[in-house]
$ cat coords-v3.txt   # compact mmCIF, C-alpha atoms
# COMPACT_ATOMS: atom_id res chain seq x y z
CA MET A 383 -3.67 137.38 205.23
CA GLY A 384 -4.91 139.90 207.76
CA ALA A 385 -3.08 141.55 210.59
CA ASP A 386 -4.25 138.97 213.05
CA GLY A 387 -2.86 136.13 210.96
CA GLY A 388 0.49 137.84 210.56
CA THR A 389 0.78 138.36 214.28
CA SER A 390 -0.11 134.80 215.17
CA HIS A 391 2.42 133.46 212.69
CA ALA A 392 5.16 135.75 213.87
CA PHE A 393 4.71 135.09 217.56
CA SER A 394 3.37 131.56 217.81
CA GLY A 395 5.76 128.80 218.60
CA GLY A 396 9.24 129.80 217.58
CA GLY A 397 10.74 127.93 220.51
CA ALA A 398 12.91 125.49 218.59
CA HIS A 399 15.89 126.36 216.43
CA ARG A 400 18.47 124.47 214.43
CA LEU A 401 21.05 124.39 217.20
CA TYR A 402 18.58 123.14 219.81
CA ARG A 403 18.59 119.42 220.59
CA HIS A 404 15.47 118.27 222.39
CA GLY A 405 16.14 116.34 225.56
CA HIS A 406 15.28 115.84 229.21
CA SER A 407 18.73 115.97 230.76
CA PRO A 408 19.59 117.82 233.99
CA VAL A 409 21.20 120.54 231.86
CA HIS A 410 18.05 120.98 229.77
CA GLY A 411 16.03 121.35 232.95
CA LEU A 412 18.06 124.23 234.38
CA PRO A 413 16.45 127.70 234.27
CA PRO A 414 17.73 129.64 231.24
CA HIS A 415 19.16 132.58 233.19
CA THR A 416 21.37 130.27 235.25
CA LYS A 417 22.79 128.72 232.08
CA LEU A 418 23.35 132.14 230.52
CA ALA A 419 25.18 133.37 233.60
CA ALA A 420 27.27 130.19 233.81
CA THR A 421 28.24 130.35 230.13
CA PHE A 422 29.20 134.02 230.36
CA ALA A 423 31.27 133.43 233.50
CA PHE A 424 32.98 130.41 231.92
CA VAL A 425 33.96 132.41 228.83
CA ILE A 426 35.32 135.25 230.99
CA VAL A 427 37.45 132.78 232.95
CA VAL A 428 38.77 131.15 229.76
CA VAL A 429 39.70 134.50 228.25
CA SER A 430 41.47 135.48 231.49
CA THR A 431 43.70 132.39 231.42
CA PRO A 432 47.34 132.96 230.39
CA ARG A 433 48.02 131.51 226.96
CA GLU A 434 51.19 129.83 228.24
CA ALA A 435 49.15 127.55 230.53
CA MET A 436 48.36 125.11 227.73
CA TRP A 437 47.31 122.37 230.14
CA ALA A 438 44.55 124.64 231.49
CA PHE A 439 42.79 124.72 228.13
CA GLY A 440 42.83 120.94 228.04
CA ALA A 441 41.17 120.98 231.47
CA TYR A 442 38.51 123.38 230.16
CA ALA A 443 37.84 121.01 227.26
CA VAL A 444 37.35 118.16 229.74
CA LEU A 445 34.88 120.30 231.73
CA LEU A 446 32.88 121.06 228.59
CA ALA A 447 32.95 117.39 227.59
CA THR A 448 31.51 116.56 231.01
CA VAL A 449 28.71 119.07 230.50
CA ALA A 450 28.02 117.65 227.03
CA TYR A 451 27.84 114.15 228.51
CA ALA A 452 25.43 115.31 231.22
CA ALA A 453 23.33 117.07 228.57
CA ARG A 454 23.41 113.98 226.32
CA VAL A 455 24.75 116.03 223.41
CA PRO A 456 26.66 113.72 221.01
CA ALA A 457 30.23 114.62 220.12
CA GLY A 458 29.40 114.60 216.40
CA PHE A 459 26.56 117.07 216.90
CA LEU A 460 28.86 119.40 218.85
CA LEU A 461 31.77 119.13 216.40
CA ARG A 462 29.57 119.90 213.39
CA ARG A 463 28.35 123.08 215.06
CA LEU A 464 31.92 124.12 215.78
CA LEU A 465 32.49 124.58 212.04
CA ILE A 466 31.08 128.08 212.49
CA GLU A 467 34.50 129.19 213.71
CA VAL A 468 36.30 128.26 210.48
CA PRO A 469 36.90 131.94 209.53
CA PHE A 470 38.65 132.50 212.86
CA VAL A 471 40.77 129.40 212.26
CA ALA A 472 41.85 130.80 208.89
CA PHE A 473 42.81 134.07 210.57
CA ALA A 474 44.78 132.24 213.26
CA VAL A 475 46.67 130.19 210.65
CA LEU A 476 47.92 133.39 209.00
CA MET A 477 49.20 134.98 212.22
CA PRO A 478 52.55 133.10 212.42
CA PHE A 479 53.37 134.26 208.88
CA VAL A 480 52.49 137.97 209.20
CA ALA A 481 53.36 138.76 212.84
CA GLN A 482 56.63 140.53 213.67
CA GLY A 483 59.32 139.67 216.23
CA GLU A 484 61.51 136.65 216.91
CA ARG A 485 61.19 133.92 214.31
CA VAL A 486 61.76 130.16 214.26
CA GLU A 487 62.15 127.63 211.45
CA ALA A 488 59.55 124.87 211.16
CA LEU A 489 59.01 122.61 208.14
CA GLY A 490 61.16 124.91 206.07
CA MET A 491 59.04 127.96 206.92
CA SER A 492 59.95 131.06 208.92
CA LEU A 493 57.32 131.58 211.61
CA SER A 494 56.91 134.33 214.17
CA VAL A 495 57.05 133.21 217.80
CA ASN A 496 54.53 135.89 218.80
CA GLY A 497 52.35 134.83 215.89
CA LEU A 498 52.42 131.20 217.00
CA TRP A 499 51.40 132.16 220.52
CA GLY A 500 48.73 134.46 219.14
CA ALA A 501 47.36 131.74 216.88
CA TRP A 502 47.24 129.31 219.78
CA ASN A 503 45.52 131.93 221.94
CA VAL A 504 42.83 132.60 219.33
CA LEU A 505 42.24 128.93 218.52
CA ALA A 506 42.12 127.68 222.12
CA LYS A 507 39.99 130.43 223.62
CA GLY A 508 37.81 130.85 220.54
CA THR A 509 37.07 127.14 220.26
CA LEU A 510 36.20 126.83 223.94
CA GLY A 511 33.96 129.89 223.80
CA VAL A 512 32.14 128.64 220.71
CA ALA A 513 31.76 125.16 222.25
CA ALA A 514 30.25 126.64 225.43
CA SER A 515 27.84 128.73 223.34
CA VAL A 516 26.85 125.71 221.24
CA LEU A 517 26.13 123.71 224.40
CA LEU A 518 23.98 126.56 225.68
CA ALA A 519 22.04 126.74 222.42
CA SER A 520 21.75 122.94 222.24
CA THR A 521 20.05 122.74 225.63
CA THR A 522 17.97 125.94 225.65
CA GLU A 523 15.13 126.96 223.36
CA LEU A 524 15.14 130.46 221.88
CA ARG A 525 12.07 131.48 223.84
CA GLU A 526 13.76 130.38 227.05
CA LEU A 527 16.92 132.30 226.14
CA LEU A 528 14.87 135.47 225.77
CA LEU A 529 13.18 134.84 229.10
CA GLY A 530 16.60 134.28 230.64
CA LEU A 531 17.92 137.57 229.29
CA GLN A 532 14.84 139.28 230.65
CA ARG A 533 15.37 137.66 234.04
CA LEU A 534 19.00 138.83 234.08
CA LYS A 535 17.73 142.42 233.73
CA LEU A 536 19.03 143.01 230.23
CA PRO A 537 17.53 146.30 228.92
CA PRO A 538 13.93 145.46 227.91
CA LEU A 539 14.29 147.22 224.57
CA LEU A 540 17.22 144.99 223.58
CA VAL A 541 15.25 141.89 224.58
CA GLN A 542 12.31 143.02 222.46
CA ILE A 543 14.54 143.72 219.46
CA ALA A 544 16.11 140.26 219.77
CA SER A 545 12.67 138.68 220.14
CA PHE A 546 11.26 140.41 217.07
CA MET A 547 14.38 139.70 215.02
CA ILE A 548 14.33 135.97 215.81
CA ARG A 549 10.63 135.44 215.38
CA TYR A 550 10.15 137.66 212.37
CA GLY A 551 13.17 136.04 210.73
CA ASP A 552 11.10 132.87 210.45
CA VAL A 553 8.35 134.81 208.68
CA ILE A 554 10.80 136.23 206.12
CA ALA A 555 12.36 132.79 205.61
CA ASP A 556 8.91 131.32 204.89
CA GLU A 557 8.18 134.13 202.44
CA MET A 558 11.49 133.47 200.64
CA ARG A 559 10.67 129.77 200.43
CA ARG A 560 7.24 130.46 198.91
CA MET A 561 8.74 132.84 196.35
CA ARG A 562 11.40 130.28 195.42
CA ILE A 563 8.75 127.58 194.94
CA ALA A 564 6.70 129.97 192.81
CA ARG A 565 9.70 130.70 190.56
CA GLU A 566 10.63 127.04 190.21
CA SER A 567 7.03 126.06 189.42
CA ARG A 568 7.25 128.41 186.44
CA GLY A 569 10.44 126.75 185.24
CA PHE A 570 12.89 129.41 186.45
CA GLU A 571 16.43 128.38 187.34
CA ALA A 572 19.16 130.90 188.12
CA ARG A 573 22.04 129.76 185.91
CA GLY A 574 24.00 132.90 185.16
CA VAL A 575 24.35 136.66 185.19
CA ARG A 576 21.37 137.14 182.88
CA HIS A 577 19.09 135.89 185.65
CA TRP A 578 20.36 138.37 188.24
CA GLY A 579 17.71 140.88 187.21
CA ILE A 580 14.91 138.48 188.11
CA LEU A 581 16.55 137.68 191.43
CA ALA A 582 16.94 141.41 192.14
CA LYS A 583 13.23 141.95 191.46
CA SER A 584 12.43 139.05 193.77
CA ALA A 585 14.57 140.62 196.50
CA GLY A 586 12.72 143.92 196.04
CA ALA A 587 9.36 142.18 196.23
CA LEU A 588 10.49 140.37 199.38
CA PHE A 589 11.47 143.68 200.99
CA ILE A 590 8.10 145.25 200.18
CA ARG A 591 6.16 142.25 201.43
CA SER A 592 8.23 142.10 204.62
CA TYR A 593 7.73 145.82 205.23
CA GLU A 594 3.98 145.51 204.73
CA ARG A 595 3.86 142.44 206.97
CA GLY A 596 5.77 144.37 209.63
CA GLU A 597 3.25 147.21 209.49
CA ARG A 598 0.34 144.80 209.86
CA VAL A 599 2.01 143.09 212.80
CA HIS A 600 2.66 146.44 214.48
CA LEU A 601 -0.94 147.59 213.98
CA ALA A 602 -2.21 144.29 215.38
CA MET A 603 0.03 144.69 218.46
CA VAL A 604 -1.08 148.29 219.03
CA SER A 605 -4.73 147.27 218.73
CA ARG A 606 -4.10 144.75 221.51
CA GLY A 607 -2.64 147.34 223.86
CA TYR A 608 1.09 147.30 223.03
CA ALA A 609 2.71 150.48 224.39
CA GLY A 610 6.43 149.81 224.06
CA SER A 611 6.87 146.90 226.46
CA MET A 612 5.94 143.25 226.32
CA PRO A 613 4.04 141.65 229.21
CA VAL A 614 5.89 139.11 231.33
CA ILE A 615 3.93 135.89 230.76
CA ASP A 616 6.31 133.40 232.41
CA GLU A 617 8.24 134.37 235.52
CA VAL A 618 11.37 132.22 235.47
CA THR A 619 12.88 131.45 238.87
CA ALA A 620 15.77 129.30 240.06
CA SER A 621 16.44 127.60 243.37
CA ARG A 622 19.75 127.75 245.21
CA ALA A 623 20.45 124.15 244.18
CA GLN A 624 19.90 125.00 240.51
CA TRP A 625 22.24 127.98 240.73
CA SER A 626 24.86 125.79 242.41
CA TYR A 627 24.52 123.15 239.71
CA ALA A 628 24.81 125.70 236.90
CA LEU A 629 27.74 127.58 238.42
CA ALA A 630 29.73 124.41 239.02
CA LEU A 631 31.24 124.77 235.53
CA PRO A 632 32.60 128.34 235.88
CA ALA A 633 33.66 127.62 239.49
CA ALA A 634 35.76 124.64 238.40
CA ALA A 635 37.12 126.69 235.50
CA LEU A 636 38.08 129.48 237.92
CA VAL A 637 40.15 127.04 239.97
CA VAL A 638 41.95 125.94 236.79
CA CYS A 639 42.54 129.58 235.81
CA LEU A 640 44.06 130.46 239.19
CA LEU A 641 46.32 127.46 239.00
CA GLY A 642 47.32 128.52 235.50
CA TRP A 643 48.52 131.86 236.84
CA VAL A 644 50.30 130.35 239.84
CA LEU A 645 51.99 127.31 238.31
$ encode --input "coords-v3.txt" --output "structure tokens"
Amino acid sequence: MGADGGTSHAFSGGGAHRLYRHGHSPVHGLPPHTKLAATFAFVIVVVSTPREAMWAFGAYAVLLATVAYAARVPAGFLLRRLLIEVPFVAFAVLMPFVAQGERVEALGMSLSVNGLWGAWNVLAKGTLGVAASVLLASTTELRELLLGLQRLKLPPLLVQIASFMIRYGDVIADEMRRMRIARESRGFEARGVRHWGILAKSAGALFIRSYERGERVHLAMVSRGYAGSMPVIDEVTASRAQWSYALALPAAALVVCLLGWVL
């Protein structure tokens, strides 16, 4: 495959991803930069909430459930994506056992009071942050997310790196799939340590092919006038009504946060 083919494969499409759920809800229709700003503000408000205000985190969950309903994202879809935070849950479970300070007895175990509060803090805020991020990813395509970051004036170099990483990741994944099919078509099955050598050689071949593909893509981009910055093809804008609709979530969360500090 020539340089032109590599470039077209790396940069064509790439809008959908596994977390994205196609739909035509009001949340899907919002400009990406408004959803990014709303999600970031919501997470900041959640993190700023005192851990003792347990009712506030329930209110945040209700707000996110309302957004999920408006976006027509099923509860099962959202809950399955929340499994990504399992490592943080395991860390939180250990905190009551290893933290120092005052201790209480529960179910025959000696638990740290500070550890219990810390575990609750990590679980509540982490779960809400992950849920907000999953809702953002479920209603926004990757290409739109990149456009939103660009619209929010994120450093262009960081946007380009993210763009290349996401799009070129698909190319590497396809190359890995073809190599796996080629091995299996020859009767190879990795069943033990004695097959690690073959897998290591495959990994080396994948690295070389990816490096060569990257060079061809870069040469193709330079030949088309690339000089360190990508042209802005779609100018994403948002009306005042769209901003108001998107910021309704962090605004409501801010009210809950303030009440959590006062009450």
$ residues_around --input "coords-v3.txt" --residues "Ala513 of chain A" --least-positions-apart "5" --cutoff "12 Å" --atoms "only C-alpha atoms" --output "VMD selection string"
chain A and resid 401 421 424 to 425 428 442 to 447 449 to 450 455 457 459 to 467 505 to 508 518 to 520
$ closest_residue --input "coords-v3.txt" --among "A:Val468, A:Val604, A:Leu476, A:Met491" --to "Val512 of chain A" --atoms "only C-alpha atoms"
A:Val468
$ atom_distance --input "coords-v3.txt" --atom1 "atom CA of Leu412 of chain A" --atom2 "atom CA of Gln624 of chain A"
6.4 Å
$ atom_distance --input "coords-v3.txt" --atom1 "atom CA of Cys639 of chain A" --atom2 "atom CA of Ala435 of chain A"
8.7 Å
$ atom_distance --input "coords-v3.txt" --atom1 "atom CA of Arg560 of chain A" --atom2 "atom CA of Ser584 of chain A"
11.3 Å
$ decode --input "coords-v3.txt" --residues "segment 409-431 of chain A" --atoms "N, CA, C and O atoms" --output "PDB file, in the first residue's frame"
ATOM      1  N   VAL A 409     -29.218  15.934  23.642  1.00  0.00           N
ATOM      2  CA  VAL A 409     -27.840  15.932  24.136  1.00  0.00           C
ATOM      3  C   VAL A 409     -26.874  15.620  22.999  1.00  0.00           C
ATOM      4  O   VAL A 409     -25.803  16.227  22.900  1.00  0.00           O
ATOM      5  N   HIS A 410     -27.227  14.689  22.128  1.00  0.00           N
ATOM      6  CA  HIS A 410     -26.379  14.394  20.972  1.00  0.00           C
ATOM      7  C   HIS A 410     -26.203  15.624  20.088  1.00  0.00           C
ATOM      8  O   HIS A 410     -25.141  15.832  19.502  1.00  0.00           O
ATOM      9  N   GLY A 411     -27.243  16.430  19.994  1.00  0.00           N
ATOM     10  CA  GLY A 411     -27.213  17.567  19.087  1.00  0.00           C
ATOM     11  C   GLY A 411     -26.456  18.772  19.598  1.00  0.00           C
ATOM     12  O   GLY A 411     -26.237  19.725  18.840  1.00  0.00           O
ATOM     13  N   LEU A 412     -26.045  18.769  20.866  1.00  0.00           N
ATOM     14  CA  LEU A 412     -25.305  19.912  21.394  1.00  0.00           C
ATOM     15  C   LEU A 412     -23.907  19.983  20.785  1.00  0.00           C
ATOM     16  O   LEU A 412     -23.281  18.949  20.520  1.00  0.00           O
ATOM     17  N   PRO A 413     -23.385  21.186  20.558  1.00  0.00           N
ATOM     18  CA  PRO A 413     -22.006  21.319  20.080  1.00  0.00           C
ATOM     19  C   PRO A 413     -21.034  20.669  21.052  1.00  0.00           C
ATOM     20  O   PRO A 413     -21.232  20.723  22.277  1.00  0.00           O
ATOM     21  N   PRO A 414     -19.978  20.040  20.550  1.00  0.00           N
ATOM     22  CA  PRO A 414     -19.084  19.267  21.431  1.00  0.00           C
ATOM     23  C   PRO A 414     -18.394  20.104  22.494  1.00  0.00           C
ATOM     24  O   PRO A 414     -18.192  19.635  23.615  1.00  0.00           O
ATOM     25  N   HIS A 415     -18.024  21.360  22.168  1.00  0.00           N
ATOM     26  CA  HIS A 415     -17.295  22.142  23.164  1.00  0.00           C
ATOM     27  C   HIS A 415     -18.185  22.541  24.337  1.00  0.00           C
ATOM     28  O   HIS A 415     -17.702  22.717  25.453  1.00  0.00           O
ATOM     29  N   THR A 416     -19.492  22.654  24.106  1.00  0.00           N
ATOM     30  CA  THR A 416     -20.383  22.953  25.226  1.00  0.00           C
ATOM     31  C   THR A 416     -20.490  21.744  26.161  1.00  0.00           C
ATOM     32  O   THR A 416     -20.524  21.898  27.389  1.00  0.00           O
ATOM     33  N   LYS A 417     -20.514  20.549  25.585  1.00  0.00           N
ATOM     34  CA  LYS A 417     -20.592  19.344  26.421  1.00  0.00           C
ATOM     35  C   LYS A 417     -19.281  19.119  27.169  1.00  0.00           C
ATOM     36  O   LYS A 417     -19.283  18.683  28.333  1.00  0.00           O
ATOM     37  N   LEU A 418     -18.160  19.405  26.535  1.00  0.00           N
ATOM     38  CA  LEU A 418     -16.876  19.280  27.219  1.00  0.00           C
ATOM     39  C   LEU A 418     -16.788  20.241  28.401  1.00  0.00           C
ATOM     40  O   LEU A 418     -16.371  19.863  29.501  1.00  0.00           O
ATOM     41  N   ALA A 419     -17.186  21.485  28.165  1.00  0.00           N
ATOM     42  CA  ALA A 419     -17.135  22.476  29.240  1.00  0.00           C
ATOM     43  C   ALA A 419     -18.083  22.108  30.372  1.00  0.00           C
ATOM     44  O   ALA A 419     -17.742  22.242  31.561  1.00  0.00           O
ATOM     45  N   ALA A 420     -19.281  21.622  30.032  1.00  0.00           N
ATOM     46  CA  ALA A 420     -20.256  21.246  31.051  1.00  0.00           C
ATOM     47  C   ALA A 420     -19.756  20.059  31.870  1.00  0.00           C
ATOM     48  O   ALA A 420     -19.897  20.040  33.101  1.00  0.00           O
ATOM     49  N   THR A 421     -19.177  19.069  31.215  1.00  0.00           N
ATOM     50  CA  THR A 421     -18.664  17.899  31.927  1.00  0.00           C
ATOM     51  C   THR A 421     -17.523  18.282  32.860  1.00  0.00           C
ATOM     52  O   THR A 421     -17.469  17.843  34.019  1.00  0.00           O
ATOM     53  N   PHE A 422     -16.605  19.111  32.366  1.00  0.00           N
ATOM     54  CA  PHE A 422     -15.481  19.537  33.195  1.00  0.00           C
ATOM     55  C   PHE A 422     -15.974  20.327  34.410  1.00  0.00           C
ATOM     56  O   PHE A 422     -15.513  20.090  35.542  1.00  0.00           O
ATOM     57  N   ALA A 423     -16.917  21.239  34.189  1.00  0.00           N
ATOM     58  CA  ALA A 423     -17.441  22.029  35.306  1.00  0.00           C
ATOM     59  C   ALA A 423     -18.172  21.147  36.304  1.00  0.00           C
ATOM     60  O   ALA A 423     -18.055  21.343  37.528  1.00  0.00           O
ATOM     61  N   PHE A 424     -18.931  20.166  35.815  1.00  0.00           N
ATOM     62  CA  PHE A 424     -19.648  19.264  36.706  1.00  0.00           C
ATOM     63  C   PHE A 424     -18.678  18.484  37.586  1.00  0.00           C
ATOM     64  O   PHE A 424     -18.883  18.347  38.804  1.00  0.00           O
ATOM     65  N   VAL A 425     -17.607  17.970  36.993  1.00  0.00           N
ATOM     66  CA  VAL A 425     -16.625  17.194  37.762  1.00  0.00           C
ATOM     67  C   VAL A 425     -15.955  18.075  38.816  1.00  0.00           C
ATOM     68  O   VAL A 425     -15.733  17.642  39.960  1.00  0.00           O
ATOM     69  N   ILE A 426     -15.632  19.312  38.456  1.00  0.00           N
ATOM     70  CA  ILE A 426     -15.015  20.232  39.416  1.00  0.00           C
ATOM     71  C   ILE A 426     -15.955  20.477  40.600  1.00  0.00           C
ATOM     72  O   ILE A 426     -15.533  20.485  41.769  1.00  0.00           O
ATOM     73  N   VAL A 427     -17.237  20.657  40.321  1.00  0.00           N
ATOM     74  CA  VAL A 427     -18.209  20.888  41.391  1.00  0.00           C
ATOM     75  C   VAL A 427     -18.316  19.657  42.288  1.00  0.00           C
ATOM     76  O   VAL A 427     -18.350  19.773  43.522  1.00  0.00           O
ATOM     77  N   VAL A 428     -18.366  18.477  41.688  1.00  0.00           N
ATOM     78  CA  VAL A 428     -18.470  17.238  42.475  1.00  0.00           C
ATOM     79  C   VAL A 428     -17.260  17.074  43.377  1.00  0.00           C
ATOM     80  O   VAL A 428     -17.385  16.734  44.568  1.00  0.00           O
ATOM     81  N   VAL A 429     -16.082  17.313  42.846  1.00  0.00           N
ATOM     82  CA  VAL A 429     -14.860  17.159  43.635  1.00  0.00           C
ATOM     83  C   VAL A 429     -14.823  18.172  44.777  1.00  0.00           C
ATOM     84  O   VAL A 429     -14.263  17.896  45.848  1.00  0.00           O
ATOM     85  N   SER A 430     -15.427  19.348  44.563  1.00  0.00           N
ATOM     86  CA  SER A 430     -15.413  20.402  45.580  1.00  0.00           C
ATOM     87  C   SER A 430     -16.434  20.174  46.688  1.00  0.00           C
ATOM     88  O   SER A 430     -16.444  20.910  47.681  1.00  0.00           O
ATOM     89  N   THR A 431     -17.284  19.195  46.548  1.00  0.00           N
ATOM     90  CA  THR A 431     -18.339  18.946  47.536  1.00  0.00           C
ATOM     91  C   THR A 431     -17.768  18.250  48.767  1.00  0.00           C
ATOM     92  O   THR A 431     -16.989  17.303  48.634  1.00  0.00           O
TER      93      THR A 431
END
